[in-house]
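**Student:** Here you go, one structure.
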Amino acid sequence: MKQICVIGVGYVGLVTAACFADLGNRVYALDIDEKRIAKLKQGIMPIYEPGLKELVERNMRAGRLFFTTSYAEGLAGTEFVFIAVGTPSGANGEADLRYVEAAAKAIAQNMTAPLIIINKSTVPIGTGDLVAEMVKQAQPRPIPFSVVSCPEFLREGSAISDFMNPYRTVIGSLDREAAEKVAQLHLPLRAPIVITDLRTAEMIKYASNAFLATKISFINEIADICEALGADVKEVAAGMGYDKRIGPYFLDAGIGWGGSCFPKDVLALIYMAEQNHVQPHLLRAVTKVNYDRRHAVVERLAEMLGGLQGKVIGLLGLAFKENTDDMRDAPSLTVVQGLLERGARVRGYDPVAQETARPLMPQVEMFDDPYQMAEGCDALIVVTPWNEFKHLDLARIKQLLKTPVLFDARNIYNPQEVRSLGFKYRAIGRGFNGG
Ligand code: UDX
Ligand code: UDX
């Protein structure tokens, strides 16, 4: 059993803390947000993540997981401290490091014994060195410490399983002994462990996310070509995926990527390249292809309906992906804006993201039930591929709609089946199936 402190109980920090506790460690989860911590102590989760509430409660009951706002309490007796605070985008796409810096200073001022400080947040290349310098400067008296990078690769919606079954653990440090100790912590996960230097570890995270974003933008561009030429992108992706050099994952064409990571990480990588006189041609195109998708959804729907003025449009799903309540850079935000600009009235339904979405789209009328939302709509758009949408009673939906128009911007339905019900149906990149 090791003692760990995790700073930041957001999407990444809370999952990290609960999972390390479940592996048998004693974990203090620390956050400056007193309300969050007070609620967590009562078993109320600040975010929606499948399985998280049960995991947190089990480990609190077992006396392995504690919540605090006090650095003095969180760091007492701790050997490892993970920084998992947010790193949002700044005005020019650069990562905003103010929260990481605040955490580094607070650690420096409150540590009483040697520590291994581990960056879990996605931070620009060179931040590990910066954190080391900041801690050194802010310490009231010198106490030895090491800085290690151990980036997270957790997908929202499957974060617990991603933590427990990682493809690999990446550990970066110039201090080999510290890196080995962090490796020991991760041994129960039985995944390959890559030990490298700090900057390389930081870069592995950016390069991985940028590659996955590139893969999605690539298949989206292929989807448009498929649609124009009469091929079906779903079958193209399946056919490509058997080739192990390509792999079957992250080839779902649709409305493009959003969320708290891909958008800000690709932007930050572009920014770092430009600052260092490298032209990131590919990454710029990957971003452009992605954001054009969102506008294209609105334009294509306008084509289907012969204009959007006065039309009532229902959005099936608002979160940036399924199984989360996260609205950060969700494609729905751009779609809503585009629809409103063209004079449409917009309705929304999401199984869990409704409350996070409401303040971000006050003009949208929210419904607690997809059937109620459909009643009187001129069209529905599938924006988030929640499982429950795959099982909707489409015959009933058709009866409720004013005009039976369905734009499946996530390719979740079988085009023939939907059309046979009498829908005017459009998907993404499914030319052979009438796209
Ligand atoms: C994380 C990572 O940090 C980010 O780099 C990664 O790419 C995506 O995931 P996330 O967990 O999504 O961020 O952030 P968020 O849900 O905003 O949670 C951050 C938490 O840190 C909040 O609860 C906030 O109150 C807390 N915080 C912030 C601190 O405890 N101390 C601070 O100084 C600042
Ligand atoms: C991502 C990384 O996958 C994860 O390793 C970590 O670094 C955090 O960032 P996350 O953003 O939570 O995870 O979800 P992910 O499943 O990667 O989806 C990202 C976006 O791409 C979503 O908007 C999703 O809908 C979209 N997507 C994903 C597609 O459009 N097509 C795909 O084939 C896969």
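Going through the structure tokens in order, the chains are called A, B, and so on, while each chain numbers its residues from 1 and the ligands are numbered from 1 in the order shown.
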Could you give me, as a PyMOL selection string, every polymer residue with an atom at most 6 Å away from an atom of ligand 1, counting only C-alpha atoms and all ligand atoms?

**Tutor:** chain A and resi 7-13+31-33+84-87+99+102-103+121-122+260-261

**Student:** Give me a file of those residues, with C-alpha atoms, as a JSON list (two decimals), in the first residue's frame.

**Tutor:**
[["chain", "number", "residue", "atom", "x", "y", "z"],
["A", 7, "ILE", "CA", -4.99, 17.25, -6.88],
["A", 8, "GLY", "CA", -8.15, 18.10, -8.84],
["A", 9, "VAL", "CA", -11.28, 15.95, -8.64],
["A", 10, "GLY", "CA", -12.57, 16.57, -12.17],
["A", 11, "TYR", "CA", -13.11, 13.98, -14.89],
["A", 12, "VAL", "CA", -9.51, 12.77, -14.72],
["A", 13, "GLY", "CA", -8.51, 13.36, -11.11],
["A", 31, "ASP", "CA", -9.66, 20.04, -4.65],
["A", 32, "ILE", "CA", -9.82, 23.78, -3.99],
["A", 33, "ASP", "CA", -13.56, 23.70, -4.70],
["A", 84, "ALA", "CA", -4.83, 16.51, -12.38],
["A", 85, "VAL", "CA", -6.21, 20.04, -12.57],
["A", 86, "GLY", "CA", -7.67, 21.37, -15.81],
["A", 87, "THR", "CA", -5.50, 22.81, -18.59],
["A", 99, "TYR", "CA", -4.10, 25.88, -12.43],
["A", 102, "ALA", "CA", -1.23, 27.13, -8.54],
["A", 103, "ALA", "CA", -1.04, 23.44, -7.66],
["A", 121, "SER", "CA", -2.85, 16.67, -16.80],
["A", 122, "THR", "CA", -1.98, 17.19, -20.45],
["A", 260, "SER", "CA", -12.22, 18.51, -23.39],
["A", 261, "CYS", "CA", -9.14, 16.96, -24.96]]

**Student:** Using only C-alpha atoms and all ligand atoms, which residues of chain A come within 8 Å of ligand 2, and what is the closest atom pair for each, with the distance in Å to one decimal? Give it as CSV, sorted by chain and residue number.

**Tutor:**
residue,atom,partner,partner_atom_place_in_ligand_line,distance
A:Glu152,CA,ligand 2,7 (O),5.9
A:Phe153,CA,ligand 2,5 (O),3.5
A:Leu154,CA,ligand 2,6 (C),4.5
A:Arg155,CA,ligand 2,12 (O),3.4
A:Glu156,CA,ligand 2,12 (O),3.7
A:Gly157,CA,ligand 2,12 (O),6.9
A:Ala159,CA,ligand 2,12 (O),7.7
A:Lys205,CA,ligand 2,7 (O),7.1
A:Ser208,CA,ligand 2,7 (O),7.7
A:Asn209,CA,ligand 2,7 (O),5.9
A:Leu212,CA,ligand 2,3 (O),7.2
A:Ala213,CA,ligand 2,21 (O),7.0
A:Lys215,CA,ligand 2,33 (O),7.9
A:Ile216,CA,ligand 2,31 (N),5.3
A:Tyr249,CA,ligand 2,33 (O),6.2
A:Phe250,CA,ligand 2,33 (O),3.1
A:Leu251,CA,ligand 2,33 (O),4.1
A:Asp252,CA,ligand 2,33 (O),3.5
A:Ala253,CA,ligand 2,31 (N),5.7
A:Gly254,CA,ligand 2,30 (O),5.8
A:Ile255,CA,ligand 2,30 (O),6.2
A:Gly256,CA,ligand 2,30 (O),4.4
A:Trp257,CA,ligand 2,21 (O),3.6
A:Gly258,CA,ligand 2,23 (O),3.9
A:Gly259,CA,ligand 2,11 (O),5.0
A:Ser260,CA,ligand 2,11 (O),5.9
A:Cys261,CA,ligand 2,9 (O),4.5
A:Phe262,CA,ligand 2,9 (O),5.8
A:Phe320,CA,ligand 2,23 (O),4.8
A:Lys321,CA,ligand 2,25 (O),4.3
A:Glu322,CA,ligand 2,25 (O),7.1
A:Ala330,CA,ligand 2,23 (O),7.0
A:Pro331,CA,ligand 2,23 (O),7.6
A:Thr384,CA,ligand 2,25 (O),7.1
A:Pro385,CA,ligand 2,25 (O),7.7
A:Arg410,CA,ligand 2,30 (O),7.9

**Student:** Using only C-alpha atoms, determine which residues lie at most 9 Å from A:Val131, disregarding the query and same-chain residues fewer than 2 positions distant; provide the list as a list in words.

**Tutor:**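 Non-adjacent residues within range: Val100, Glu101, Ala104, Lys105, Ile117, Asn119, Gly126, Thr127, Gly128, Asp129, Glu133, Met134, Val135, Lys136 and Val147 of chain A.
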
**Student:** Take the residues just selected and output them with all heavy atoms as a compact mmCIF listing (two decimals), in the first residue's frame.

**Tutor:**
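This is the output file result.txt:
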# COMPACT_ATOMS: atom_id res chain seq x y z
N VAL A 100 -2.18 24.54 -13.06
CA VAL A 100 -1.01 23.68 -12.78
C VAL A 100 -0.02 24.46 -11.92
O VAL A 100 0.54 23.93 -10.93
CB VAL A 100 -0.34 23.23 -14.10
CG1 VAL A 100 0.97 22.50 -13.83
CG2 VAL A 100 -1.29 22.35 -14.91
N GLU A 101 0.17 25.73 -12.26
CA GLU A 101 1.12 26.55 -11.50
C GLU A 101 0.64 26.73 -10.06
O GLU A 101 1.44 26.65 -9.12
CB GLU A 101 1.28 27.92 -12.18
CG GLU A 101 2.06 27.79 -13.47
CD GLU A 101 2.06 29.08 -14.30
OE1 GLU A 101 1.55 30.10 -13.81
OE2 GLU A 101 2.57 29.02 -15.43
N ALA A 104 1.33 23.56 -8.22
CA ALA A 104 2.77 23.38 -7.95
C ALA A 104 3.20 24.24 -6.76
O ALA A 104 3.92 23.78 -5.87
CB ALA A 104 3.58 23.75 -9.20
N LYS A 105 2.72 25.49 -6.74
CA LYS A 105 3.10 26.39 -5.63
C LYS A 105 2.57 25.88 -4.30
O LYS A 105 3.26 25.89 -3.29
CB LYS A 105 2.53 27.79 -5.88
CG LYS A 105 3.42 28.58 -6.80
CD LYS A 105 3.07 30.05 -6.73
CE LYS A 105 3.86 30.77 -7.83
NZ LYS A 105 3.11 31.77 -8.54
N ILE A 117 6.35 14.29 -7.61
CA ILE A 117 5.24 15.09 -8.15
C ILE A 117 5.00 14.63 -9.58
O ILE A 117 5.91 14.64 -10.41
CB ILE A 117 5.60 16.58 -8.12
CG1 ILE A 117 5.88 17.02 -6.68
CG2 ILE A 117 4.48 17.43 -8.74
CD1 ILE A 117 6.52 18.39 -6.56
N ASN A 119 2.79 14.81 -13.10
CA ASN A 119 1.85 15.53 -13.94
C ASN A 119 0.95 14.55 -14.66
O ASN A 119 1.41 13.77 -15.51
CB ASN A 119 2.60 16.34 -15.01
CG ASN A 119 2.74 17.77 -14.61
OD1 ASN A 119 1.89 18.32 -13.91
ND2 ASN A 119 3.82 18.39 -15.04
N GLY A 126 7.71 20.69 -21.85
CA GLY A 126 8.55 21.61 -21.07
C GLY A 126 7.91 21.98 -19.75
O GLY A 126 8.55 22.57 -18.89
N THR A 127 6.64 21.60 -19.54
CA THR A 127 5.96 21.99 -18.29
C THR A 127 6.54 21.25 -17.08
O THR A 127 6.60 21.80 -15.98
CB THR A 127 4.44 21.72 -18.40
OG1 THR A 127 3.95 22.42 -19.52
CG2 THR A 127 3.70 22.19 -17.16
N GLY A 128 6.99 20.03 -17.30
CA GLY A 128 7.60 19.28 -16.19
C GLY A 128 8.79 20.06 -15.64
O GLY A 128 8.93 20.22 -14.42
N ASP A 129 9.61 20.58 -16.53
CA ASP A 129 10.77 21.37 -16.10
C ASP A 129 10.31 22.63 -15.38
O ASP A 129 10.89 23.03 -14.37
CB ASP A 129 11.62 21.77 -17.32
CG ASP A 129 12.19 20.53 -18.01
OD1 ASP A 129 12.45 19.53 -17.31
OD2 ASP A 129 12.35 20.55 -19.25
N GLU A 133 11.02 23.86 -11.49
CA GLU A 133 11.59 25.16 -11.17
C GLU A 133 10.69 25.92 -10.18
O GLU A 133 11.16 26.50 -9.21
CB GLU A 133 11.74 25.95 -12.48
CG GLU A 133 12.63 27.17 -12.42
CD GLU A 133 13.96 26.93 -11.73
OE1 GLU A 133 14.59 25.88 -12.00
OE2 GLU A 133 14.37 27.78 -10.90
N MET A 134 9.36 25.85 -10.45
CA MET A 134 8.42 26.58 -9.59
C MET A 134 8.41 26.03 -8.18
O MET A 134 8.35 26.79 -7.21
CB MET A 134 7.00 26.50 -10.17
CG MET A 134 6.87 27.30 -11.43
SD MET A 134 5.19 27.32 -11.96
CE MET A 134 4.50 28.27 -10.67
N VAL A 135 8.45 24.71 -8.06
CA VAL A 135 8.42 24.10 -6.73
C VAL A 135 9.69 24.51 -5.97
O VAL A 135 9.64 24.92 -4.80
CB VAL A 135 8.30 22.56 -6.82
CG1 VAL A 135 8.44 21.91 -5.45
CG2 VAL A 135 6.95 22.17 -7.44
N LYS A 136 10.81 24.46 -6.67
CA LYS A 136 12.09 24.82 -6.04
C LYS A 136 12.04 26.27 -5.52
O LYS A 136 12.42 26.55 -4.39
CB LYS A 136 13.20 24.69 -7.10
CG LYS A 136 14.53 24.32 -6.52
CD LYS A 136 15.44 23.85 -7.63
CE LYS A 136 16.71 24.69 -7.62
NZ LYS A 136 17.48 24.52 -8.84
N VAL A 147 10.10 15.44 -10.37
CA VAL A 147 8.91 15.66 -11.20
C VAL A 147 8.87 14.57 -12.28
O VAL A 147 9.89 14.29 -12.93
CB VAL A 147 8.92 17.06 -11.84
CG1 VAL A 147 7.75 17.22 -12.80
CG2 VAL A 147 8.85 18.12 -10.75

**Student:** Give me the residues near A:Val364 as a ChimeraX atom specification, where near means some atom within 7 Å (using only C-alpha atoms) and where sequence neighbours in that chain fewer than 2 positions away do not count.

**Tutor:** /A:346-348,361-362,366

**Student:** What is the distance between atom CA of A:Val233 and atom CA of A:Arg430, in Å to one decimal?

**Tutor:** 5.7 Å

**Student:** Can you list, as a VMD selection string, all residues belonging to stretch 32-125 of chain A that DSSP tags as alpha helix (DSSP H)?

**Tutor:** chain A and resid 34 to 41 52 to 61 71 to 75 98 to 110
